[in-house]
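Data file: query-v4.csv. Format and content: CSV, C-alpha atoms.
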```
chain,number,residue,atom,x,y,z
A,30,ILE,CA,0.0,0.0,0.0
A,31,ALA,CA,1.5,3.3,-1.0
A,32,ILE,CA,0.6,6.2,1.3
A,33,ALA,CA,0.9,9.7,-0.2
A,34,SER,CA,2.6,12.4,1.7
A,35,GLN,CA,0.4,15.0,3.5
A,36,PRO,CA,-0.3,18.0,1.1
A,37,THR,CA,1.2,21.3,2.2
A,38,ILE,CA,0.7,24.8,0.7
A,39,SER,CA,4.1,26.1,-0.4
A,40,THR,CA,3.0,29.6,-1.2
A,41,THR,CA,4.0,31.9,1.7
A,42,SER,CA,3.3,35.3,0.2
A,43,MET,CA,1.4,37.0,-2.6
A,44,PRO,CA,2.6,39.8,-4.9
A,45,GLY,CA,1.3,43.3,-4.3
A,46,GLY,CA,-1.5,44.6,-6.5
A,47,GLU,CA,-1.8,47.9,-8.4
A,48,VAL,CA,-5.0,50.0,-8.5
A,49,GLY,CA,-6.6,49.8,-11.9
A,50,VAL,CA,-4.6,46.8,-13.1
A,51,ALA,CA,-6.0,43.3,-13.3
A,52,TYR,CA,-4.5,41.0,-10.6
A,53,SER,CA,-3.7,37.3,-11.0
A,54,SER,CA,-1.7,35.0,-8.7
A,55,GLY,CA,-1.8,31.4,-7.9
A,56,VAL,CA,-1.4,29.3,-4.8
A,57,SER,CA,0.9,26.3,-5.1
A,58,ALA,CA,0.8,23.1,-3.0
A,59,SER,CA,2.8,19.9,-3.0
A,60,GLY,CA,2.2,16.4,-1.7
A,61,GLY,CA,-1.0,14.4,-1.6
A,62,ASN,CA,-2.4,12.4,-4.5
A,63,GLY,CA,-4.7,13.7,-7.2
A,64,SER,CA,-6.5,17.0,-7.3
A,65,LEU,CA,-6.5,19.2,-4.1
A,66,THR,CA,-9.4,21.0,-2.5
A,67,TYR,CA,-9.1,24.4,-0.8
A,68,THR,CA,-11.4,24.9,2.2
A,69,ILE,CA,-12.2,28.2,3.9
A,70,SER,CA,-13.0,27.3,7.5
A,71,ASN,CA,-12.7,30.8,9.0
A,72,GLY,CA,-12.1,34.3,7.9
A,73,THR,CA,-12.9,36.2,4.7
A,74,LEU,CA,-11.6,35.6,1.2
A,75,GLN,CA,-12.0,38.8,-0.8
A,76,THR,CA,-11.4,38.3,-4.5
A,77,GLY,CA,-12.3,39.5,-8.0
A,78,ALA,CA,-13.9,37.1,-10.4
A,79,ILE,CA,-13.6,33.4,-9.3
A,80,TYR,CA,-13.0,30.8,-12.1
A,81,LEU,CA,-12.9,27.2,-11.1
A,82,ALA,CA,-11.6,24.7,-13.7
A,83,ARG,CA,-10.9,27.4,-16.2
A,84,ASP,CA,-8.5,25.4,-18.4
A,85,PRO,CA,-10.0,22.9,-20.9
A,86,GLY,CA,-9.2,19.2,-21.0
A,87,GLY,CA,-10.1,17.7,-17.6
A,88,ALA,CA,-9.0,20.4,-15.1
A,89,GLN,CA,-10.7,20.2,-11.7
A,90,GLY,CA,-11.3,22.8,-9.0
A,91,THR,CA,-13.2,22.7,-5.8
A,92,LEU,CA,-13.9,25.5,-3.3
A,93,THR,CA,-15.5,24.5,0.1
A,94,VAL,CA,-16.8,27.1,2.6
A,95,ASP,CA,-17.4,25.9,6.1
A,96,THR,CA,-18.5,27.5,9.4
A,97,GLY,CA,-17.1,31.1,9.7
A,98,GLY,CA,-15.9,31.2,6.1
A,99,ILE,CA,-16.8,34.2,3.9
A,100,VAL,CA,-16.2,34.6,0.2
A,101,GLN,CA,-16.8,38.0,-1.4
A,102,ALA,CA,-16.2,38.2,-5.1
A,103,ASN,CA,-16.2,42.0,-5.0
A,104,ASN,CA,-18.8,42.7,-7.6
A,105,GLU,CA,-17.5,40.1,-10.0
A,106,PHE,CA,-18.8,36.7,-11.3
A,107,ILE,CA,-18.2,33.2,-10.2
A,108,ASP,CA,-17.8,30.7,-13.0
A,109,LEU,CA,-17.8,27.0,-12.4
A,110,GLY,CA,-16.5,24.6,-15.1
A,111,LEU,CA,-15.3,27.4,-17.4
A,112,GLY,CA,-13.0,25.1,-19.5
A,113,ALA,CA,-14.5,22.6,-21.9
A,114,GLY,CA,-14.3,19.1,-20.5
A,115,SER,CA,-13.4,20.4,-17.0
A,116,THR,CA,-15.2,20.4,-13.7
A,117,GLY,CA,-15.6,23.2,-11.1
A,118,THR,CA,-17.4,22.6,-7.8
A,119,VAL,CA,-18.4,24.9,-4.9
A,120,ASN,CA,-19.6,23.5,-1.6
A,121,ALA,CA,-21.4,26.1,0.5
A,122,ASN,CA,-21.7,24.0,3.7
A,123,ALA,CA,-21.9,27.1,5.9
A,124,GLY,CA,-20.7,30.7,5.9
A,125,SER,CA,-21.5,32.9,2.9
A,126,ILE,CA,-20.6,33.5,-0.7
A,127,SER,CA,-21.5,36.6,-2.6
A,128,ALA,CA,-21.0,37.7,-6.2
A,129,LYS,CA,-22.7,39.7,-8.9
A,130,GLY,CA,-23.6,36.6,-10.8
A,131,ILE,CA,-23.0,32.8,-10.7
A,132,PHE,CA,-22.7,30.6,-13.8
A,133,VAL,CA,-22.5,26.9,-13.5
A,134,GLY,CA,-21.1,24.8,-16.3
A,135,GLY,CA,-19.9,27.7,-18.5
A,136,ILE,CA,-19.8,31.5,-18.7
A,137,SER,CA,-22.7,33.9,-18.9
A,138,THR,CA,-23.1,33.5,-22.7
A,139,GLU,CA,-21.8,30.0,-23.4
A,140,ALA,CA,-22.1,26.4,-22.0
A,141,ARG,CA,-18.7,24.8,-21.6
A,142,GLY,CA,-17.6,22.4,-18.9
A,143,THR,CA,-19.3,20.8,-15.9
A,144,GLY,CA,-20.2,22.9,-12.8
A,145,VAL,CA,-21.8,21.9,-9.5
A,146,LEU,CA,-23.0,24.3,-6.8
A,147,ASN,CA,-23.9,22.5,-3.6
A,148,ILE,CA,-25.7,24.6,-1.0
A,149,ALA,CA,-26.0,22.6,2.2
A,150,GLY,CA,-26.2,25.3,4.9
A,151,GLY,CA,-24.4,28.3,3.5
A,152,ALA,CA,-25.8,31.6,2.2
A,153,VAL,CA,-25.2,32.2,-1.5
A,154,THR,CA,-26.1,35.6,-3.0
A,155,ALA,CA,-26.0,37.0,-6.5
A,156,SER,CA,-26.6,40.8,-6.2
A,157,VAL,CA,-28.1,43.1,-8.8
A,158,LEU,CA,-25.7,46.0,-9.7
A,159,ALA,CA,-27.0,48.9,-11.7
A,160,GLY,CA,-25.7,49.0,-15.2
A,161,LEU,CA,-24.0,45.6,-15.1
A,162,THR,CA,-25.3,43.0,-17.6
A,163,ASN,CA,-26.2,39.6,-16.1
A,164,SER,CA,-25.8,40.8,-12.5
A,165,GLY,CA,-28.1,39.1,-10.1
A,166,GLN,CA,-28.4,36.1,-12.3
A,167,VAL,CA,-27.7,32.5,-11.4
A,168,ARG,CA,-27.6,30.1,-14.4
A,169,VAL,CA,-26.9,26.4,-14.6
A,170,TRP,CA,-26.1,25.3,-18.2
A,171,ASP,CA,-27.5,22.0,-19.6
A,172,THR,CA,-24.0,20.4,-19.7
A,173,PRO,CA,-23.5,16.8,-18.5
A,174,GLY,CA,-23.2,16.6,-14.8
A,175,SER,CA,-23.9,20.3,-14.1
A,176,ALA,CA,-26.3,21.1,-11.3
A,177,ILE,CA,-27.3,23.4,-8.5
A,178,ASN,CA,-28.3,21.4,-5.4
A,179,LEU,CA,-30.0,23.4,-2.6
A,180,SER,CA,-30.6,21.2,0.5
A,181,ALA,CA,-30.2,23.7,3.3
A,182,GLY,CA,-29.1,27.3,3.7
A,183,SER,CA,-30.2,29.9,1.1
A,184,LEU,CA,-29.9,31.0,-2.5
A,185,THR,CA,-30.7,34.6,-3.2
A,186,CYS,CA,-30.7,36.1,-6.7
A,187,ASP,CA,-32.7,38.2,-9.1
A,188,SER,CA,-33.2,35.4,-11.7
A,189,LEU,CA,-32.6,31.7,-11.9
A,190,ASN,CA,-32.1,30.0,-15.3
A,191,THR,CA,-32.0,26.2,-15.7
A,192,SER,CA,-31.3,26.3,-19.5
A,193,GLY,CA,-34.5,24.4,-20.2
A,194,ASN,CA,-33.7,21.4,-18.1
A,195,PRO,CA,-35.4,21.3,-14.7
A,196,THR,CA,-33.2,18.4,-13.5
A,197,ARG,CA,-30.3,20.9,-13.3
A,198,PHE,CA,-31.8,22.6,-10.2
A,199,ASN,CA,-32.6,20.3,-7.3
A,200,TRP,CA,-34.3,22.0,-4.4
A,201,THR,CA,-34.9,19.6,-1.5
A,202,GLY,CA,-34.6,22.1,1.4
A,203,GLY,CA,-33.4,25.5,2.4
A,204,THR,CA,-34.6,28.9,1.2
A,205,LEU,CA,-34.8,30.2,-2.4
A,206,ALA,CA,-35.3,34.0,-2.6
A,207,ILE,CA,-35.6,35.5,-6.0
A,208,THR,CA,-36.0,39.3,-5.8
A,209,GLY,CA,-37.3,39.8,-9.3
A,210,ALA,CA,-39.9,37.2,-8.9
A,211,GLY,CA,-40.2,34.1,-6.7
A,212,VAL,CA,-39.3,31.9,-9.6
A,213,PHE,CA,-38.2,33.4,-13.0
A,214,LEU,CA,-38.1,31.1,-16.0
A,215,ASP,CA,-36.9,32.2,-19.5
A,216,ASN,CA,-36.5,29.3,-22.0
A,217,SER,CA,-36.4,27.1,-18.9
A,218,ALA,CA,-38.4,24.5,-17.0
A,219,ALA,CA,-38.7,23.8,-13.3
A,220,THR,CA,-40.6,21.4,-11.0
A,221,LEU,CA,-41.3,22.7,-7.5
A,222,VAL,CA,-42.5,20.3,-4.9
A,223,GLN,CA,-43.6,21.3,-1.3
A,224,ASN,CA,-42.0,24.7,-1.2
A,225,THR,CA,-43.1,28.1,0.1
A,226,ILE,CA,-42.7,31.1,-2.3
A,227,GLN,CA,-43.6,34.3,-0.4
A,228,ASN,CA,-43.0,38.0,-0.1
A,229,ASN,CA,-41.4,38.4,-3.6
A,230,GLY,CA,-41.8,41.4,-5.9
A,231,ASN,CA,-43.2,44.8,-5.1
A,232,SER,CA,-45.4,47.5,-6.7
A,233,THR,CA,-42.8,48.1,-9.5
A,234,THR,CA,-42.6,44.4,-10.5
A,235,LEU,CA,-44.4,44.1,-13.8
A,236,ASP,CA,-45.3,40.4,-14.1
A,237,GLY,CA,-45.4,37.3,-11.9
A,238,GLY,CA,-44.4,38.3,-8.3
A,239,GLY,CA,-44.5,34.7,-7.2
A,240,VAL,CA,-43.7,32.7,-10.4
A,241,TYR,CA,-42.9,34.5,-13.7
A,242,VAL,CA,-42.6,32.3,-16.8
A,243,VAL,CA,-41.4,34.1,-20.0
A,244,THR,CA,-41.1,30.9,-22.1
A,245,GLY,CA,-40.9,27.4,-20.6
A,246,THR,CA,-42.8,25.3,-18.1
A,247,ALA,CA,-43.4,25.6,-14.4
A,248,THR,CA,-44.9,22.6,-12.6
A,249,LEU,CA,-46.1,23.3,-9.1
A,250,ILE,CA,-47.0,20.4,-6.8
A,251,THR,CA,-48.2,21.2,-3.2
A,252,ASN,CA,-46.6,24.6,-2.9
A,253,THR,CA,-47.7,27.7,-0.9
A,254,LEU,CA,-47.6,31.1,-2.6
A,255,ALA,CA,-48.3,34.0,-0.3
A,256,GLY,CA,-47.6,37.8,-0.1
A,257,ASN,CA,-46.1,38.1,-3.6
A,258,GLN,CA,-46.7,41.3,-5.6
A,259,ALA,CA,-46.7,42.4,-9.2
A,260,GLN,CA,-48.7,44.7,-11.5
A,261,ARG,CA,-49.9,41.6,-13.5
A,262,GLY,CA,-50.1,38.2,-11.8
A,263,GLY,CA,-49.0,38.8,-8.2
A,264,GLY,CA,-49.0,35.0,-7.6
A,265,VAL,CA,-48.2,33.6,-11.1
```

Structure rendered as structure tokens:
Amino acid sequence: IAIASQPTISTTSMPGGEVGVAYSSGVSASGGNGSLTYTISNGTLQTGAIYLARDPGGAQGTLTVDTGGIVQANNEFIDLGLGAGSTGTVNANAGSISAKGIFVGGISTEARGTGVLNIAGGAVTASVLAGLTNSGQVRVWDTPGSAINLSAGSLTCDSLNTSGNPTRFNWTGGTLAITGAGVFLDNSAATLVQNTIQNNGNSTTLDGGGVYVVTGTATLITNTLAGNQAQRGGGV
């Protein structure tokens, strides 16, 4: 039996940044066997855009946030599985993750690799920023293996897009809060079972405070819709 050595992070310092200039730096590690997973167990990681598995051809990247961990993407996007044939995974077990948009299995305009967002107790937020295209959006592309799994904790965003495949979003627990409408579907489909969709939208929301379907299909089974507002179709 061959026992691999314990992995250690060999990077001891990071180069300084310059205002107005894009910053890029890596963290190196040695030892272990196979791909390594970086876990934030305490403290705050403040970054620009986060790309997991950016390179094509089988690259793998995993980010795990546990109790006390905070990831702030500083008004940038989080892209999982950016490289074709690669896999990027985020495990939000606790703590919080915030970005202006989250794209799973590709970038905002194109499906590429495989992305998985597991929310099992953490708070994940995609915030709307004035004048920024795709801000507030969470999208999971219909690429093999890509999925958003919400079992505990919360997912807050302005719109949720499953790229027409409802199996890409699995909601078994936790809280889904969509500020544009409770559930927003555009060229998408979703099946919601035994969930509560409440207090979404306001007097300026045009359509579908609770569920807004532009094109696609929404299947509702034993759900509760309450307190949602819109100028047309406060509930659906």

For this session: Have a look at A:Ala123, A:Ala102, A:Ala78, A:Val240 and name the one nearest to A:Gly263; count all atoms listed in the file.
Result: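 Of the candidates, the smallest distance to A:Gly263 is held by A:Val240.
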
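With only C-alpha atoms as the basis for measurement, A:Gly264 is the residue among A:Gly264, A:Gly193, A:Gly165, A:Gly202 that approaches A:Tyr241 most closely.
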
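With atom CA of A:Thr251 on one side and atom CA of A:Arg168 on the other, the separation reads 25.1 Å.
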
Exercise. How many Å separate atom CA of A:Asn190 from atom CA of A:Ala219?
Worked result: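 Calculated distance between atom CA of A:Asn190 and atom CA of A:Ala219 is 9.3 Å.
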
Exercise. So what do you get for atom CA of A:Ile148 versus atom CA of A:Val167, distance-wise?
Worked result: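 Distance between the two atoms: 13.2 Å.
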
Exercise. Looking at A:Gly90, A:Gly238, A:Gly110, A:Gly98, which one is nearest to A:Gly144, with distances taken over only C-alpha atoms?
Worked result: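 Going through A:Gly90, A:Gly238, A:Gly110, A:Gly98 one by one, the smallest distance to A:Gly144 is for A:Gly110.
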
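If all atoms listed in the file are the atoms counted, then among A:Ser164, A:Val133, A:Ser175, A:Val265 the closest residue to A:Leu214 is A:Val265.
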
Exercise. So, counting only C-alpha atoms, which residue among A:Gly245, A:Ser42, A:Glu105, A:Val145 is closest to A:Gln89?
Worked result: A:Val145

Exercise. So which residues touch A:Gly60 within 9 Å, counting all atoms listed in the file, skipping near sequence neighbours fewer than 5 positions away, as a count of residues only?
Worked result: 6

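Nearest residue to A:Ile250, choosing from A:Ser125, A:Val222, A:Ala206, A:Ala176 and counting only C-alpha atoms: A:Val222.
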
Report as JSON lines: every residue of stretch 69-177 of chain A with an atom at most 10 Å from stretch 184-189 of chain A, its closest pair of atoms, and their distance in Å to one decimal, counting all atoms listed in the file, with rows sorted by chain and ascending residue number.
```
{"residue": "A:Ile126", "atom": "CA", "partner": "A:Leu184", "partner_atom": "CA", "distance": 9.8}
{"residue": "A:Ser127", "atom": "CA", "partner": "A:Thr185", "partner_atom": "CA", "distance": 9.4}
{"residue": "A:Ala128", "atom": "CA", "partner": "A:Cys186", "partner_atom": "CA", "distance": 9.8}
{"residue": "A:Lys129", "atom": "CA", "partner": "A:Cys186", "partner_atom": "CA", "distance": 9.0}
{"residue": "A:Gly130", "atom": "CA", "partner": "A:Cys186", "partner_atom": "CA", "distance": 8.2}
{"residue": "A:Ile131", "atom": "CA", "partner": "A:Cys186", "partner_atom": "CA", "distance": 9.3}
{"residue": "A:Ile148", "atom": "CA", "partner": "A:Leu184", "partner_atom": "CA", "distance": 7.8}
{"residue": "A:Gly151", "atom": "CA", "partner": "A:Leu184", "partner_atom": "CA", "distance": 8.6}
{"residue": "A:Ala152", "atom": "CA", "partner": "A:Leu184", "partner_atom": "CA", "distance": 6.3}
{"residue": "A:Val153", "atom": "CA", "partner": "A:Leu184", "partner_atom": "CA", "distance": 5.0}
{"residue": "A:Thr154", "atom": "CA", "partner": "A:Thr185", "partner_atom": "CA", "distance": 4.7}
{"residue": "A:Ala155", "atom": "CA", "partner": "A:Cys186", "partner_atom": "CA", "distance": 4.8}
{"residue": "A:Ser156", "atom": "CA", "partner": "A:Cys186", "partner_atom": "CA", "distance": 6.3}
{"residue": "A:Val157", "atom": "CA", "partner": "A:Asp187", "partner_atom": "CA", "distance": 6.7}
{"residue": "A:Asn163", "atom": "CA", "partner": "A:Ser188", "partner_atom": "CA", "distance": 9.3}
{"residue": "A:Ser164", "atom": "CA", "partner": "A:Asp187", "partner_atom": "CA", "distance": 8.1}
{"residue": "A:Gly165", "atom": "CA", "partner": "A:Asp187", "partner_atom": "CA", "distance": 4.8}
{"residue": "A:Gln166", "atom": "CA", "partner": "A:Ser188", "partner_atom": "CA", "distance": 4.9}
{"residue": "A:Val167", "atom": "CA", "partner": "A:Leu189", "partner_atom": "CA", "distance": 5.0}
{"residue": "A:Arg168", "atom": "CA", "partner": "A:Leu189", "partner_atom": "CA", "distance": 5.8}
{"residue": "A:Val169", "atom": "CA", "partner": "A:Leu189", "partner_atom": "CA", "distance": 8.2}
```

Could you write those residues out with C-alpha atoms, as a compact mmCIF listing (two decimals), keeping the file's coordinate frame?
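Contents of the output file result36.txt:
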```txt
# COMPACT_ATOMS: atom_id res chain seq x y z
CA ILE A 126 -20.60 33.50 -0.70
CA SER A 127 -21.50 36.60 -2.60
CA ALA A 128 -21.00 37.70 -6.20
CA LYS A 129 -22.70 39.70 -8.90
CA GLY A 130 -23.60 36.60 -10.80
CA ILE A 131 -23.00 32.80 -10.70
CA ILE A 148 -25.70 24.60 -1.00
CA GLY A 151 -24.40 28.30 3.50
CA ALA A 152 -25.80 31.60 2.20
CA VAL A 153 -25.20 32.20 -1.50
CA THR A 154 -26.10 35.60 -3.00
CA ALA A 155 -26.00 37.00 -6.50
CA SER A 156 -26.60 40.80 -6.20
CA VAL A 157 -28.10 43.10 -8.80
CA ASN A 163 -26.20 39.60 -16.10
CA SER A 164 -25.80 40.80 -12.50
CA GLY A 165 -28.10 39.10 -10.10
CA GLN A 166 -28.40 36.10 -12.30
CA VAL A 167 -27.70 32.50 -11.40
CA ARG A 168 -27.60 30.10 -14.40
CA VAL A 169 -26.90 26.40 -14.60
```
